[in-house]
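Heads up: the structure comes next, in structure tokens.
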Amino acid sequence: MDLGIRGKRALVTAASKGLGRGCAEALAAAGVDLVINARGAEALEATAAAIRAAHGVRVTAVAGDITEEGGRAAVLAAAGEVDILVTNAGGPPPGLWSDWSREDFIRALDANMLTPIALMQWALPGMIAQGWGRVVNITSQSVKAPIPQLGLSNAARAGLTGFVAGTARQVAPQGVTINNLLPGIHATDRAVSLDSGVSKAKGISIEAAAAERMATIPARRYGTAAEFGATCAFLCSTHAGFIVGQNILLDGGAMNATL
């Protein structure tokens with residue numbers, strides 16, 4: 001399917017690996033020029049080179065911490081105006097409710113709520129002015145079914161979801177859509193981190209911990225960054241203009257719910 005976005009320009013954050021890279025790869029395959037960001041310069045440059053070679057699009061790599069004002073300013077200066085924005089940032093660490101201080105919550109809110117909001121506030125005026133734009137926020141399945149040990153993520157991402165719910169309906173008349181993608185467990189570094197925690201807690205191998213988790217997923221596997229990216233690219237396409245303010249689960253059926 002031709003997504004109708006060849007020649008457009010996208011900013012994808014946390015794009016050097018994992019789900020962010022999956023989204024960047026899928027957009028590049030559709031002919032979208034990219035500005036990509038991540039904290040690690042070496043991995044980011046390697047990703048940029050690989051995408052250029054594979055898809056022949058322009059890729060600008062800007063290393064820096066998107067959750068900090070200075071890093072964000074550098075990325076946005078390099079990006080200029082964009083047609084597509086994909087926000088992404090690593091999730092906060094797991095733990096117990098009694099473990100977290102006010103500072104822990106502030107860090108989680110900065111990374112997983114306030115940074116995506118700041119990026120949208122930067123990108124939306126230009127999209128509105130041209131009468132077309134796409135925003136996709138990578139959040140988590142936890143906004144639909146909270147995960148007890150991920151209380152920091154539950155709180156921050158729920159706040160972002162509330163912001164998007166209202167804002168998406170304010171900008172839709174100008175041809176701009178905002179939607180959220182809610183990943184379950186995918187075969188990324190995040191899955192390794194979570195499985196490592198289970199491994200240590202239960203005294204089992206990481207492979208055994210992963211097998212236990214996969215057994216709880218109806219698809220009986222972890223998702224892939226490529227299939228996640230393909231969904232992101234569709235939401236950014238000309239075919240998705242009637243999808244507004246939605247929270248789309250990609251979890252292999254793990255959340256058992258009718259709606």
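Chain identifiers are assigned as A, B, and so on, following the order in which chains appear in the structure tokens; residues are numbered from 1 within each chain, and ligands are numbered from 1 in order of appearance.
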Item to complete: May I have all residues of range 7-253 of chain A that DSSP, computed from the backbone, assigns to strand (DSSP E), given as a VMD selection string?
Response: chain A and resid 9 to 12 33 to 38 59 to 63 84 to 87 133 to 138 176 to 183 247 to 250
Which residues of range 80-172 of chain A come within 12 Å of range 38-55 of chain A, and for each one, what is the closest pair of atoms and their distance in Å to one decimal, counting only C-alpha atoms, sorted by chain and residue number, as JSON lines?
{"residue": "A:Thr87", "atom": "CA", "partner": "A:Ala38", "partner_atom": "CA", "distance": 11.4}
{"residue": "A:Asn88", "atom": "CA", "partner": "A:Ala38", "partner_atom": "CA", "distance": 9.8}
{"residue": "A:Ala89", "atom": "CA", "partner": "A:Ala38", "partner_atom": "CA", "distance": 9.0}
{"residue": "A:Gly90", "atom": "CA", "partner": "A:Ala38", "partner_atom": "CA", "distance": 10.3}
Discussion item. Please determine, counting only C-alpha atoms, which residue among A:Ile248, A:Ala26, A:Ala165, A:Leu119 has the shortest atom-to-atom distance to Thr139 in chain A.
Written reply: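 Among the listed residues, the smallest separation from Thr139 in chain A belongs to A:Ile248.
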Practice prompt. Enumerate as JSON, numbers by chain all residues of range 13-235 of chain A assigned to helix (DSSP H, G or I) by DSSP on the backbone, naming them with the chain letters and numbers the document uses.
Written response: {"A": [18, 19, 20, 21, 22, 23, 24, 25, 26, 27, 28, 29, 41, 42, 43, 44, 45, 46, 47, 48, 49, 50, 51, 52, 53, 54, 55, 69, 70, 71, 72, 73, 74, 75, 76, 77, 78, 79, 97, 98, 99, 102, 103, 104, 105, 106, 107, 108, 109, 110, 111, 112, 113, 114, 115, 116, 117, 118, 119, 120, 121, 122, 123, 124, 125, 126, 127, 128, 129, 130, 141, 142, 143, 148, 149, 150, 151, 152, 153, 154, 155, 156, 157, 158, 159, 160, 161, 162, 163, 164, 165, 166, 167, 168, 169, 170, 171, 172, 173, 174, 189, 190, 191, 192, 193, 194, 195, 196, 197, 198, 199, 200, 201, 202, 206, 207, 208, 209, 210, 211, 212, 213, 214, 215, 225, 226, 227, 228, 229, 230, 231, 232, 233, 234, 235]}
Worksheet entry | Close residues, Arg9 in chain A itself excluded, 6 Å, only C-alpha atoms, min 5 positions apart in chain, as a PyMOL selection string | chain A and resi 32-34+82-83
Convert the current residue selection to file output with all heavy atoms, as a compact mmCIF listing (two decimals), in the first residue's frame.
# COMPACT_ATOMS: atom_id res chain seq x y z
N VAL A 32 9.72 8.85 3.66
CA VAL A 32 9.73 10.03 4.54
C VAL A 32 11.17 10.36 4.94
O VAL A 32 11.93 9.48 5.36
CB VAL A 32 8.88 9.76 5.80
CG1 VAL A 32 8.97 10.92 6.78
CG2 VAL A 32 7.43 9.51 5.40
N ASP A 33 11.55 11.64 4.82
CA ASP A 33 12.83 12.10 5.32
C ASP A 33 12.75 12.24 6.84
O ASP A 33 11.70 12.60 7.38
CB ASP A 33 13.21 13.44 4.70
CG ASP A 33 13.44 13.33 3.20
OD1 ASP A 33 14.00 12.32 2.75
OD2 ASP A 33 13.03 14.27 2.48
N LEU A 34 13.86 11.98 7.52
CA LEU A 34 13.83 11.84 8.97
C LEU A 34 14.80 12.76 9.69
O LEU A 34 15.91 13.02 9.21
CB LEU A 34 14.18 10.41 9.37
CG LEU A 34 13.29 9.27 8.87
CD1 LEU A 34 13.93 7.93 9.23
CD2 LEU A 34 11.89 9.38 9.45
N VAL A 82 8.10 20.06 10.79
CA VAL A 82 7.92 18.67 10.38
C VAL A 82 6.44 18.40 10.10
O VAL A 82 5.56 19.09 10.61
CB VAL A 82 8.42 17.67 11.46
CG1 VAL A 82 9.92 17.85 11.69
CG2 VAL A 82 7.65 17.84 12.77
N ASP A 83 6.20 17.41 9.26
CA ASP A 83 4.84 16.97 8.95
C ASP A 83 4.37 15.89 9.90
O ASP A 83 3.16 15.70 10.10
CB ASP A 83 4.78 16.43 7.51
CG ASP A 83 5.35 17.39 6.50
OD1 ASP A 83 4.72 18.43 6.26
OD2 ASP A 83 6.45 17.12 5.97
Worksheet item: Which neighbours of Gly126 in chain A fall inside 12 Å, counting only C-alpha atoms, when residues of the same chain fewer than 2 positions from it are skipped, and could you give them as a ChimeraX atom specification?
Response: /A:80-85,120-124,128-134,171,174-176
I need the residues from that last selection saved to file as a PDB file, in the first residue's frame (with N, CA and C atoms), if you can.
ATOM      1  N   GLY A  80      13.536  21.800  12.380  1.00  0.00           N
ATOM      2  CA  GLY A  80      12.709  22.772  11.676  1.00  0.00           C
ATOM      3  C   GLY A  80      11.254  22.346  11.741  1.00  0.00           C
ATOM      4  N   GLU A  81      10.475  22.691  10.722  1.00  0.00           N
ATOM      5  CA  GLU A  81       9.084  22.256  10.703  1.00  0.00           C
ATOM      6  C   GLU A  81       8.992  20.826  10.188  1.00  0.00           C
ATOM      7  N   VAL A  82       8.100  20.055  10.786  1.00  0.00           N
ATOM      8  CA  VAL A  82       7.917  18.667  10.381  1.00  0.00           C
ATOM      9  C   VAL A  82       6.440  18.405  10.099  1.00  0.00           C
ATOM     10  N   ASP A  83       6.202  17.406   9.263  1.00  0.00           N
ATOM     11  CA  ASP A  83       4.838  16.973   8.952  1.00  0.00           C
ATOM     12  C   ASP A  83       4.369  15.887   9.898  1.00  0.00           C
ATOM     13  N   ILE A  84       5.333  15.135  10.440  1.00  0.00           N
ATOM     14  CA  ILE A  84       5.047  13.964  11.262  1.00  0.00           C
ATOM     15  C   ILE A  84       5.919  14.021  12.507  1.00  0.00           C
ATOM     16  N   LEU A  85       5.316  13.736  13.644  1.00  0.00           N
ATOM     17  CA  LEU A  85       6.044  13.670  14.909  1.00  0.00           C
ATOM     18  C   LEU A  85       5.743  12.342  15.584  1.00  0.00           C
ATOM     19  N   MET A 120       4.735  18.242  21.131  1.00  0.00           N
ATOM     20  CA  MET A 120       3.500  18.529  20.409  1.00  0.00           C
ATOM     21  C   MET A 120       3.236  20.020  20.338  1.00  0.00           C
ATOM     22  N   GLN A 121       3.481  20.740  21.439  1.00  0.00           N
ATOM     23  CA  GLN A 121       3.275  22.182  21.430  1.00  0.00           C
ATOM     24  C   GLN A 121       4.193  22.871  20.425  1.00  0.00           C
ATOM     25  N   TRP A 122       5.361  22.283  20.211  1.00  0.00           N
ATOM     26  CA  TRP A 122       6.285  22.825  19.200  1.00  0.00           C
ATOM     27  C   TRP A 122       5.819  22.502  17.784  1.00  0.00           C
ATOM     28  N   ALA A 123       5.367  21.283  17.533  1.00  0.00           N
ATOM     29  CA  ALA A 123       5.074  20.831  16.171  1.00  0.00           C
ATOM     30  C   ALA A 123       3.689  21.231  15.668  1.00  0.00           C
ATOM     31  N   LEU A 124       2.706  21.290  16.548  1.00  0.00           N
ATOM     32  CA  LEU A 124       1.326  21.469  16.113  1.00  0.00           C
ATOM     33  C   LEU A 124       1.054  22.782  15.370  1.00  0.00           C
ATOM     34  N   ILE A 128      -0.886  22.756  11.812  1.00  0.00           N
ATOM     35  CA  ILE A 128      -2.174  23.427  11.673  1.00  0.00           C
ATOM     36  C   ILE A 128      -2.116  24.441  10.533  1.00  0.00           C
ATOM     37  N   ALA A 129      -1.011  25.184  10.441  1.00  0.00           N
ATOM     38  CA  ALA A 129      -0.878  26.213   9.405  1.00  0.00           C
ATOM     39  C   ALA A 129      -0.936  25.616   8.004  1.00  0.00           C
ATOM     40  N   GLN A 130      -0.376  24.411   7.840  1.00  0.00           N
ATOM     41  CA  GLN A 130      -0.393  23.802   6.515  1.00  0.00           C
ATOM     42  C   GLN A 130      -1.612  22.911   6.276  1.00  0.00           C
ATOM     43  N   GLY A 131      -2.405  22.701   7.321  1.00  0.00           N
ATOM     44  CA  GLY A 131      -3.642  21.931   7.170  1.00  0.00           C
ATOM     45  C   GLY A 131      -3.449  20.431   7.104  1.00  0.00           C
ATOM     46  N   TRP A 132      -2.305  19.944   7.595  1.00  0.00           N
ATOM     47  CA  TRP A 132      -2.049  18.487   7.595  1.00  0.00           C
ATOM     48  C   TRP A 132      -0.934  18.188   8.586  1.00  0.00           C
ATOM     49  N   GLY A 133      -1.104  17.118   9.337  1.00  0.00           N
ATOM     50  CA  GLY A 133      -0.051  16.680  10.239  1.00  0.00           C
ATOM     51  C   GLY A 133      -0.434  15.386  10.924  1.00  0.00           C
ATOM     52  N   ARG A 134       0.565  14.673  11.383  1.00  0.00           N
ATOM     53  CA  ARG A 134       0.358  13.420  12.093  1.00  0.00           C
ATOM     54  C   ARG A 134       1.266  13.386  13.319  1.00  0.00           C
ATOM     55  N   VAL A 171      -7.443  19.837  17.367  1.00  0.00           N
ATOM     56  CA  VAL A 171      -6.666  20.071  16.142  1.00  0.00           C
ATOM     57  C   VAL A 171      -7.170  19.275  14.947  1.00  0.00           C
ATOM     58  N   GLN A 174      -8.306  20.945  11.655  1.00  0.00           N
ATOM     59  CA  GLN A 174      -7.252  21.493  10.794  1.00  0.00           C
ATOM     60  C   GLN A 174      -6.466  20.408  10.055  1.00  0.00           C
ATOM     61  N   GLY A 175      -6.984  19.189  10.038  1.00  0.00           N
ATOM     62  CA  GLY A 175      -6.329  18.121   9.295  1.00  0.00           C
ATOM     63  C   GLY A 175      -5.175  17.464  10.015  1.00  0.00           C
ATOM     64  N   VAL A 176      -5.099  17.669  11.328  1.00  0.00           N
ATOM     65  CA  VAL A 176      -4.007  17.106  12.136  1.00  0.00           C
ATOM     66  C   VAL A 176      -4.569  16.014  13.033  1.00  0.00           C
TER      67      VAL A 176
END
Worksheet item: Which polymer residues have any atom within 9 Å of an atom of Phe105 in chain A, counting only C-alpha atoms, with same-chain residues fewer than 6 positions away left out, as a PyMOL selection string?
Response: chain A and resi 152+155-156
Those residues with N, CA and C atoms, as an mmCIF file, in the first residue's frame please?
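This went into part-v3.cif:
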data_model
loop_
_atom_site.group_PDB
_atom_site.id
_atom_site.type_symbol
_atom_site.label_atom_id
_atom_site.label_comp_id
_atom_site.auth_asym_id
_atom_site.auth_seq_id
_atom_site.Cartn_x
_atom_site.Cartn_y
_atom_site.Cartn_z
ATOM 1 N N LEU A 152 5.240 4.278 38.255
ATOM 2 C CA LEU A 152 5.730 5.544 37.707
ATOM 3 C C LEU A 152 5.261 5.717 36.271
ATOM 4 N N ALA A 155 1.381 6.309 35.991
ATOM 5 C CA ALA A 155 0.967 7.668 36.320
ATOM 6 C C ALA A 155 1.300 8.648 35.203
ATOM 7 N N ALA A 156 2.539 8.607 34.733
ATOM 8 C CA ALA A 156 2.972 9.583 33.728
ATOM 9 C C ALA A 156 2.245 9.392 32.408
#
Worksheet item: What's the 10 Å shell around Ala29 in chain A, counting only C-alpha atoms, without same-chain residues fewer than 5 positions away, as a PyMOL selection string?
Response: chain A and resi 3+6+23-24+51+54-57+230+233
Go ahead and write the selection's residues with all heavy atoms as a compact mmCIF listing (two decimals), in the first residue's frame.
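File written: result_1.txt
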# COMPACT_ATOMS: atom_id res chain seq x y z
N LEU A 3 1.45 4.71 1.18
CA LEU A 3 0.95 5.46 2.34
C LEU A 3 0.71 6.93 2.04
O LEU A 3 0.13 7.65 2.86
CB LEU A 3 1.91 5.31 3.51
CG LEU A 3 2.11 3.87 4.03
CD1 LEU A 3 3.03 3.89 5.25
CD2 LEU A 3 0.78 3.22 4.38
N ARG A 6 5.31 10.08 0.89
CA ARG A 6 6.65 10.22 0.34
C ARG A 6 7.02 11.70 0.24
O ARG A 6 6.21 12.52 -0.20
CB ARG A 6 6.72 9.57 -1.05
CG ARG A 6 8.10 9.59 -1.69
CD ARG A 6 8.14 8.73 -2.93
NE ARG A 6 7.83 7.34 -2.62
CZ ARG A 6 8.71 6.47 -2.13
NH1 ARG A 6 9.97 6.85 -1.91
NH2 ARG A 6 8.35 5.23 -1.89
N CYS A 23 9.74 2.46 14.07
CA CYS A 23 8.91 3.50 13.46
C CYS A 23 9.70 4.28 12.41
O CYS A 23 9.19 4.58 11.32
CB CYS A 23 8.39 4.45 14.54
SG CYS A 23 7.21 3.68 15.68
N ALA A 24 10.94 4.64 12.74
CA ALA A 24 11.77 5.38 11.79
C ALA A 24 12.00 4.57 10.51
O ALA A 24 11.91 5.10 9.40
CB ALA A 24 13.11 5.74 12.44
N ILE A 51 19.64 3.39 7.75
CA ILE A 51 18.38 3.80 7.14
C ILE A 51 18.63 4.50 5.80
O ILE A 51 17.93 4.26 4.82
CB ILE A 51 17.59 4.70 8.10
CG1 ILE A 51 17.11 3.89 9.31
CG2 ILE A 51 16.39 5.34 7.40
CD1 ILE A 51 16.42 4.71 10.39
N ALA A 54 19.48 1.80 3.25
CA ALA A 54 18.37 0.90 2.92
C ALA A 54 17.27 1.58 2.14
O ALA A 54 16.62 0.96 1.28
CB ALA A 54 17.80 0.29 4.20
N HIS A 55 17.02 2.89 2.40
CA HIS A 55 15.82 3.52 1.87
C HIS A 55 16.08 4.77 1.03
O HIS A 55 15.14 5.28 0.41
CB HIS A 55 14.86 3.85 3.01
CG HIS A 55 14.51 2.67 3.85
ND1 HIS A 55 13.75 1.62 3.39
CD2 HIS A 55 14.84 2.35 5.14
CE1 HIS A 55 13.60 0.71 4.34
NE2 HIS A 55 14.26 1.12 5.41
N GLY A 56 17.30 5.28 1.03
CA GLY A 56 17.62 6.41 0.18
C GLY A 56 16.96 7.72 0.57
O GLY A 56 16.79 8.61 -0.27
N VAL A 57 16.58 7.86 1.83
CA VAL A 57 15.98 9.11 2.29
C VAL A 57 17.02 9.93 3.04
O VAL A 57 18.07 9.42 3.43
CB VAL A 57 14.75 8.84 3.19
CG1 VAL A 57 13.67 8.10 2.41
CG2 VAL A 57 15.15 8.05 4.44
N ALA A 230 5.31 -0.63 11.40
CA ALA A 230 4.35 -0.62 10.29
C ALA A 230 3.03 -0.01 10.72
O ALA A 230 2.38 0.73 9.97
CB ALA A 230 4.14 -2.04 9.77
N ALA A 233 3.55 3.77 10.95
CA ALA A 233 3.57 4.39 9.62
C ALA A 233 2.17 4.52 9.05
O ALA A 233 1.84 5.52 8.41
CB ALA A 233 4.47 3.58 8.69
Item to complete: May I have the residues within 9 Å of Leu235 in chain A as a PyMOL selection string, using only C-alpha atoms and disregarding those fewer than 2 positions away in the same chain?
Response: chain A and resi 134-136+177-179+230-233+237-241+243
Written selection (C-alpha atoms) as a PDB file, in the first residue's frame:
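And here is the file that came out, result-v8.pdb:
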ATOM      1  CA  ARG A 134       0.358  13.420  12.093  1.00  0.00           C
ATOM      2  CA  VAL A 135       1.439  12.830  15.688  1.00  0.00           C
ATOM      3  CA  VAL A 136       1.946   9.381  17.191  1.00  0.00           C
ATOM      4  CA  THR A 177      -4.388  13.775  13.906  1.00  0.00           C
ATOM      5  CA  ILE A 178      -2.901  12.706  17.233  1.00  0.00           C
ATOM      6  CA  ASN A 179      -3.011   9.082  18.349  1.00  0.00           C
ATOM      7  CA  ALA A 230       4.354  -0.619  10.288  1.00  0.00           C
ATOM      8  CA  THR A 231       1.378   0.300  12.477  1.00  0.00           C
ATOM      9  CA  CYS A 232       2.965   3.641  13.305  1.00  0.00           C
ATOM     10  CA  ALA A 233       3.572   4.389   9.624  1.00  0.00           C
ATOM     11  CA  SER A 237      -0.361   7.967   6.380  1.00  0.00           C
ATOM     12  CA  THR A 238      -2.909   9.804   4.276  1.00  0.00           C
ATOM     13  CA  HIS A 239      -5.286   6.865   4.880  1.00  0.00           C
ATOM     14  CA  ALA A 240      -5.547   7.484   8.631  1.00  0.00           C
ATOM     15  CA  GLY A 241      -7.096  10.939   8.684  1.00  0.00           C
ATOM     16  CA  ILE A 243      -8.448   8.057  13.266  1.00  0.00           C
TER      17      ILE A 243
END
Worksheet item: So which one's closest to Gln149 in chain A, A:Thr13, A:Asn180, A:Ser98, A:Gln170? Using only C-alpha atoms, please.
Response: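 Ranked by minimum distance to Gln149 in chain A, first place goes to A:Ser98.
Closest to Val244 in chain A among A:Thr167, A:Thr188, A:Gln141, A:Thr216 is A:Thr167, based on only C-alpha atoms.
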Fill in: Point-to-point distance in Å for CA of Ala63 in chain A and CA of Gly31 in chain A
22.7 Å
Fill in: Counting only C-alpha atoms, the residue of A:Ile66, A:Met127, A:Glu212, A:Val35 that sits nearest Pro173 in chain A
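That would be A:Met127, the residue with the smallest distance to Pro173 in chain A.
Minimum atom-to-atom distances from A:Gly229, A:Val75, A:Tyr222, A:Phe234 to Asp2 in chain A were compared using only C-alpha atoms, and the lowest value belongs to A:Phe234.
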